[in-house]
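A quick write-up on the structure given underneath.
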Amino acid sequence: MKKSIDYPYLISAKELLESKVVPQYDFHIHTKYTDGKATVEQVFEKAIEFGLEAIAFTEHTESWHNSDPEWFSQYCKEIRECREIFKDKIKAYIGIEAPAISFEGELGATKEMFYEAEFILGAAHCYPGIEGRKVSDLGNNEAIDLEFRTLMGLAANPMINSIAHMGGTCSKYCTPFPTHLMREVIRQAVKNNIAIEINPVYHRPLKNFIEVCAEENASITLGSNAHGYYDIGMIVRKIKDEILT
């Protein structure tokens with residue numbers, strides 16, 4: 001069953017464009033527990049320094065990201081300790097960024113991760129069924145097809161709160177992911193009450209992608225895909241700079 005976060009942190013794409021008010025949220029942050037540079041405490045400190053009101057830690061769930069099989073328990077413990085310390089300054093959620101492992105939207109994460117996570121990002125990373133090959137080895141048409149099938153599966157999984165960096169893997173390694181296919185995924189996600197992440201690393205220009213989400217009446221989450229100290233809150237700054245000025 002989907003873990004619900006407080007409703008205000010799910011944003012209407014249409015209302016964002018109409019109001020020109022950017023919520024101070026970042027719901028895609030990595031730490032030293034996987035491939036980020038900051039500790040959990042440093043993320044809290046930087047997020048508060050940058051004026052954020054709510055954050056979600058979304059650590060990668062693939063086993064190769066951390067050699068310690070017990071890392072996730074410590075990750076959750078540290079977030080809980082820090083959010084008690086900083087409870088009057090910011091809200092924070094324990095989250096995961098879990099990859100699709102089938103075209104039916106199954107996620108690669110442990111039972112503990114699903115139980116503890118308060119926010120779940122579903123992602124198309126290495127596509128199902130290409131074992132032994134890299135995404136960069138694929139032809140453009142094959143990459144588009146696999147990205148689309150993977151995303152459509154994620155858009156039907158009721159456990160997911162938001163779909164991370166839609167089209168990003170295909171665009172990064174092979175070819176731009178077509179807008180008309182993004183629309184199909186967004187429509188599927190809307191039917192299943194799944195939000196769409198707005199990601200400044202992969203969705204350029206931001207305004208175009210937000211407009212597509214707005215046209216499909218999608219809810220969105222703001223995610224910086226932060227790996228470094230100064231990436232935290234980048235999505236808020238980018239939206240302000242590129243769209244609302």
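Going by the structure tokens order, chains are called A, B, ..., each with residues numbered from 1, while ligands are numbered from 1 in the order shown.
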Test item: residues at most 12 Å from Gly122 of chain A, only C-alpha atoms, excluding those fewer than 2 positions along its chain, as an mmCIF file with N, CA and C atoms, in the first residue's frame:
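And here's around.cif as it stands now:
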```
data_model
loop_
_atom_site.group_PDB
_atom_site.id
_atom_site.type_symbol
_atom_site.label_atom_id
_atom_site.label_comp_id
_atom_site.auth_asym_id
_atom_site.auth_seq_id
_atom_site.Cartn_x
_atom_site.Cartn_y
_atom_site.Cartn_z
ATOM 1 N N LYS A 2 0.472 2.278 -0.715
ATOM 2 C CA LYS A 2 1.249 3.498 -0.808
ATOM 3 C C LYS A 2 1.335 4.198 0.540
ATOM 4 N N HIS A 28 14.140 14.850 -3.530
ATOM 5 C CA HIS A 28 15.063 13.912 -4.199
ATOM 6 C C HIS A 28 16.473 14.285 -3.768
ATOM 7 N N THR A 58 16.030 10.348 -0.398
ATOM 8 C CA THR A 58 15.589 9.319 -1.352
ATOM 9 C C THR A 58 16.794 8.486 -1.785
ATOM 10 N N GLU A 59 17.300 7.686 -0.866
ATOM 11 C CA GLU A 59 18.521 6.933 -1.158
ATOM 12 C C GLU A 59 18.264 5.804 -2.140
ATOM 13 N N HIS A 60 19.285 5.544 -2.976
ATOM 14 C CA HIS A 60 19.224 4.435 -3.926
ATOM 15 C C HIS A 60 19.093 3.108 -3.184
ATOM 16 N N THR A 61 18.338 2.191 -3.760
ATOM 17 C CA THR A 61 18.131 0.900 -3.107
ATOM 18 C C THR A 61 18.971 -0.229 -3.702
ATOM 19 N N GLY A 95 12.907 8.362 2.689
ATOM 20 C CA GLY A 95 12.447 7.911 1.378
ATOM 21 C C GLY A 95 13.454 7.024 0.687
ATOM 22 N N ILE A 96 13.042 6.492 -0.440
ATOM 23 C CA ILE A 96 13.909 5.676 -1.287
ATOM 24 C C ILE A 96 13.674 6.036 -2.749
ATOM 25 N N GLU A 97 14.700 5.821 -3.544
ATOM 26 C CA GLU A 97 14.577 5.865 -5.002
ATOM 27 C C GLU A 97 14.809 4.452 -5.491
ATOM 28 N N ALA A 98 13.719 3.771 -5.835
ATOM 29 C CA ALA A 98 13.789 2.351 -6.162
ATOM 30 C C ALA A 98 13.627 2.131 -7.663
ATOM 31 N N PRO A 99 14.483 1.295 -8.269
ATOM 32 C CA PRO A 99 14.399 1.064 -9.707
ATOM 33 C C PRO A 99 13.336 0.039 -10.065
ATOM 34 N N ALA A 100 12.737 0.200 -11.225
ATOM 35 C CA ALA A 100 11.832 -0.821 -11.753
ATOM 36 C C ALA A 100 12.641 -2.053 -12.126
ATOM 37 N N ILE A 101 12.136 -3.223 -11.742
ATOM 38 C CA ILE A 101 12.824 -4.477 -12.102
ATOM 39 C C ILE A 101 11.960 -5.352 -13.011
ATOM 40 N N SER A 102 10.820 -4.828 -13.407
ATOM 41 C CA SER A 102 9.978 -5.520 -14.383
ATOM 42 C C SER A 102 9.147 -4.470 -15.099
ATOM 43 N N GLY A 105 6.099 -2.800 -13.182
ATOM 44 C CA GLY A 105 6.276 -1.792 -12.149
ATOM 45 C C GLY A 105 6.816 -2.292 -10.831
ATOM 46 N N GLU A 106 7.259 -3.559 -10.766
ATOM 47 C CA GLU A 106 7.869 -4.059 -9.540
ATOM 48 C C GLU A 106 9.141 -3.264 -9.238
ATOM 49 N N LEU A 107 9.395 -3.044 -7.955
ATOM 50 C CA LEU A 107 10.524 -2.229 -7.547
ATOM 51 C C LEU A 107 11.609 -3.072 -6.881
ATOM 52 N N GLY A 108 12.849 -2.698 -7.110
ATOM 53 C CA GLY A 108 13.975 -3.382 -6.495
ATOM 54 C C GLY A 108 14.301 -2.779 -5.142
ATOM 55 N N ALA A 109 13.670 -3.294 -4.109
ATOM 56 C CA ALA A 109 13.910 -2.822 -2.745
ATOM 57 C C ALA A 109 13.543 -3.942 -1.779
ATOM 58 N N PHE A 114 10.563 -0.938 2.038
ATOM 59 C CA PHE A 114 9.156 -0.620 1.784
ATOM 60 C C PHE A 114 8.418 -0.273 3.078
ATOM 61 N N PHE A 119 8.240 7.974 1.717
ATOM 62 C CA PHE A 119 8.112 8.554 0.373
ATOM 63 C C PHE A 119 8.878 7.660 -0.589
ATOM 64 N N ILE A 120 8.209 7.211 -1.651
ATOM 65 C CA ILE A 120 8.825 6.286 -2.599
ATOM 66 C C ILE A 120 8.861 6.892 -3.997
ATOM 67 N N ALA A 124 13.166 4.566 -13.619
ATOM 68 C CA ALA A 124 13.666 3.736 -14.719
ATOM 69 C C ALA A 124 15.171 3.941 -14.784
ATOM 70 N N HIS A 125 15.923 3.027 -14.224
ATOM 71 C CA HIS A 125 17.376 3.096 -14.257
ATOM 72 C C HIS A 125 17.889 2.159 -15.348
ATOM 73 N N THR A 150 8.914 0.635 -19.217
ATOM 74 C CA THR A 150 9.281 0.679 -17.804
ATOM 75 C C THR A 150 8.467 1.746 -17.072
ATOM 76 N N LEU A 151 8.357 2.927 -17.661
ATOM 77 C CA LEU A 151 7.620 4.021 -17.033
ATOM 78 C C LEU A 151 6.133 3.715 -16.917
ATOM 79 N N MET A 152 5.572 3.074 -17.913
ATOM 80 C CA MET A 152 4.148 2.730 -17.856
ATOM 81 C C MET A 152 3.884 1.744 -16.722
ATOM 82 N N GLY A 153 4.824 0.833 -16.486
ATOM 83 C CA GLY A 153 4.684 -0.063 -15.354
ATOM 84 C C GLY A 153 4.731 0.686 -14.035
ATOM 85 N N LEU A 154 5.668 1.624 -13.918
ATOM 86 C CA LEU A 154 5.757 2.426 -12.700
ATOM 87 C C LEU A 154 4.487 3.240 -12.475
ATOM 88 N N ALA A 155 3.928 3.754 -13.554
ATOM 89 C CA ALA A 155 2.731 4.594 -13.448
ATOM 90 C C ALA A 155 1.494 3.824 -13.029
ATOM 91 N N ALA A 156 1.615 2.506 -12.966
ATOM 92 C CA ALA A 156 0.490 1.668 -12.535
ATOM 93 C C ALA A 156 0.706 1.055 -11.157
ATOM 94 N N ASN A 157 1.861 1.335 -10.541
ATOM 95 C CA ASN A 157 2.182 0.742 -9.243
ATOM 96 C C ASN A 157 1.672 1.634 -8.116
ATOM 97 N N PRO A 158 0.661 1.214 -7.365
ATOM 98 C CA PRO A 158 0.061 2.068 -6.342
ATOM 99 C C PRO A 158 0.955 2.349 -5.149
ATOM 100 N N MET A 159 2.092 1.636 -5.039
ATOM 101 C CA MET A 159 3.004 1.892 -3.923
ATOM 102 C C MET A 159 3.816 3.171 -4.125
ATOM 103 N N ILE A 160 3.916 3.623 -5.365
ATOM 104 C CA ILE A 160 4.806 4.730 -5.698
ATOM 105 C C ILE A 160 4.119 6.069 -5.425
ATOM 106 N N ASN A 161 4.861 6.985 -4.796
ATOM 107 C CA ASN A 161 4.360 8.345 -4.609
ATOM 108 C C ASN A 161 4.614 9.212 -5.837
ATOM 109 N N SER A 162 5.784 9.044 -6.451
ATOM 110 C CA SER A 162 6.146 9.897 -7.577
ATOM 111 C C SER A 162 7.122 9.148 -8.488
ATOM 112 N N ILE A 163 7.067 9.445 -9.786
ATOM 113 C CA ILE A 163 7.980 8.847 -10.764
ATOM 114 C C ILE A 163 9.167 9.783 -10.958
ATOM 115 N N ALA A 164 10.372 9.275 -10.711
ATOM 116 C CA ALA A 164 11.582 10.082 -10.798
ATOM 117 C C ALA A 164 12.039 10.281 -12.243
ATOM 118 N N HIS A 165 12.589 11.456 -12.487
ATOM 119 C CA HIS A 165 13.254 11.847 -13.745
ATOM 120 C C HIS A 165 12.730 11.115 -14.984
ATOM 121 N N MET A 166 11.449 11.294 -15.283
ATOM 122 C CA MET A 166 10.829 10.638 -16.438
ATOM 123 C C MET A 166 11.606 10.914 -17.726
ATOM 124 N N ALA A 189 -0.254 7.826 -14.863
ATOM 125 C CA ALA A 189 0.061 8.156 -13.472
ATOM 126 C C ALA A 189 -1.087 8.929 -12.821
ATOM 127 N N ILE A 194 -0.571 8.986 -8.904
ATOM 128 C CA ILE A 194 0.876 9.001 -8.764
ATOM 129 C C ILE A 194 1.402 10.320 -9.322
ATOM 130 N N ALA A 195 2.263 10.975 -8.558
ATOM 131 C CA ALA A 195 2.798 12.265 -8.974
ATOM 132 C C ALA A 195 3.962 12.091 -9.944
ATOM 133 N N ILE A 196 4.333 13.197 -10.575
ATOM 134 C CA ILE A 196 5.454 13.240 -11.517
ATOM 135 C C ILE A 196 6.521 14.170 -10.958
ATOM 136 N N GLU A 197 7.736 13.675 -10.898
ATOM 137 C CA GLU A 197 8.821 14.525 -10.402
ATOM 138 C C GLU A 197 9.264 15.533 -11.456
#
```
I'd like the contact shell of Glu70 of chain A - 12 Å cut-off, only C-alpha atoms, skipping same-chain residues fewer than 5 positions apart - returned as a PyMOL selection string.
chain A and resi 33+63+75-77+110+112-113
Can you tell me which residues surround Ala47 of chain A at a distance of at most 9 Å, considering only C-alpha atoms, apart from same-chain residues fewer than 6 positions away, and format the answer as a JSON list (two decimals) with N, CA and C atoms, in the first residue's frame?
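Wrote it out as result-v3.json, contents follow:
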```json
[["chain", "number", "residue", "atom", "x", "y", "z"],
["A", 26, "ASP", "N", 12.20, 19.94, -1.46],
["A", 26, "ASP", "CA", 13.11, 19.14, -2.28],
["A", 26, "ASP", "C", 12.94, 17.68, -1.87],
["A", 53, "GLU", "N", 11.49, 24.19, 3.39],
["A", 53, "GLU", "CA", 10.50, 23.89, 4.43],
["A", 53, "GLU", "C", 10.29, 22.40, 4.62],
["A", 54, "ALA", "N", 10.55, 21.62, 3.57],
["A", 54, "ALA", "CA", 10.35, 20.17, 3.65],
["A", 54, "ALA", "C", 11.29, 19.48, 2.68],
["A", 55, "ILE", "N", 11.84, 18.33, 3.12],
["A", 55, "ILE", "CA", 12.74, 17.55, 2.28],
["A", 55, "ILE", "C", 12.40, 16.07, 2.42],
["A", 90, "ILE", "N", 12.37, 22.42, 10.02],
["A", 90, "ILE", "CA", 12.11, 21.79, 8.73],
["A", 90, "ILE", "C", 11.42, 20.45, 8.93],
["A", 232, "ILE", "N", 21.33, 20.76, -3.09],
["A", 232, "ILE", "CA", 20.12, 20.73, -2.26],
["A", 232, "ILE", "C", 19.30, 21.98, -2.51],
["A", 233, "GLY", "N", 18.03, 21.80, -2.86],
["A", 233, "GLY", "CA", 17.16, 22.93, -3.16],
["A", 233, "GLY", "C", 17.34, 23.52, -4.54]]
```
Which residue is closest to Lys46 of chain A? Choose from A:Ile29, A:Ala218, A:Val212, A:Ile11 and count only C-alpha atoms.
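Checking each candidate against Lys46 of chain A, we get A:Ile29 as the closest.
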Straight-line distance linking atom CA of Gln188 of chain A with atom CA of Glu216 of chain A, stated in Å to one decimal
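Atom CA of Gln188 of chain A sits 10.0 Å away from atom CA of Glu216 of chain A.
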Selected residue of minimal separation from Asn66 of chain A among A:Glu49, A:Glu184, A:Glu41, A:Asp35, counting only C-alpha atoms
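Ranked by minimum distance to Asn66 of chain A, first place goes to A:Asp35.
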Which residues are close to Ile94 of chain A, i.e. within 6 Å by only C-alpha atoms, leaving aside same-chain residues fewer than 2 positions away? Reply as a list of chain:residue names.
A:Phe57, A:Ala117, A:Glu118
Which distance in Å separates atom CA of Tyr229 of chain A and atom CA of Lys37 of chain A, to one decimal?
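About the pair atom CA of Tyr229 of chain A and atom CA of Lys37 of chain A: they are 6.9 Å apart.
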Spatial neighbours of Ile198 of chain A, 10 Å, only C-alpha atoms, chain gap at least 3 places, as a list in words:
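The neighbour list is Ala13, Phe27, His28, Ser162, Ile163, Ala164, His165, Met166, Ala195, Val201, Tyr202, His203, Arg204, Leu206, Lys207, Phe209, Ile210, Cys213, Ile220, Thr221, Leu222, Gly223, Ser224, Asn225, Ile235 and Ile239 of chain A.
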Based on DSSP run over this structure's backbone, return all residues of segment 83-180 of chain A in strand (DSSP E), as a ChimeraX atom specification.
/A:91-99,119-123,162-163
Could you give me, as a short mmCIF file (atom, residue, chain, number, x, y, z; two decimals) with C-alpha atoms, in the first residue's frame, the residues within 12 Å of Lys240 of chain A, counting only C-alpha atoms and dropping anything in the same chain fewer than 6 positions from it?
```
data_model
loop_
_atom_site.label_atom_id
_atom_site.label_comp_id
_atom_site.auth_asym_id
_atom_site.auth_seq_id
_atom_site.Cartn_x
_atom_site.Cartn_y
_atom_site.Cartn_z
CA LEU A 16 2.30 26.25 -9.81
CA LEU A 17 2.28 27.93 -13.20
CA LYS A 20 3.98 31.65 -9.69
CA VAL A 21 4.65 30.63 -6.09
CA VAL A 22 7.35 27.97 -5.73
CA PRO A 23 7.04 25.78 -2.64
CA GLN A 24 10.30 25.41 -0.73
CA PRO A 200 16.32 20.05 -13.08
CA LEU A 206 11.79 22.96 -17.02
CA LYS A 207 8.89 25.09 -18.18
CA GLY A 233 17.16 22.93 -3.16
CA MET A 234 18.41 23.39 -6.73
#
```
As a PyMOL selection string, which residues of segment 12-205 of chain A does DSSP assign to helix (DSSP H, G or I)?
chain A and resi 13-19+40-49+63-65+71-85+111-116+135-137+140-154+168-173+179-191
Between A:Gln74, A:Thr34, A:Asn208, A:Thr39, which is the closest to Glu62 of chain A once you count only C-alpha atoms?
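Once distances to Glu62 of chain A are computed over only C-alpha atoms, the minimum belongs to A:Thr34.
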For the atom pair atom CA of Leu10 of chain A and atom CA of Tyr25 of chain A, what is the interatomic distance in Å to one decimal place?
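According to the coordinates, atom CA of Leu10 of chain A and atom CA of Tyr25 of chain A are separated by 9.9 Å.
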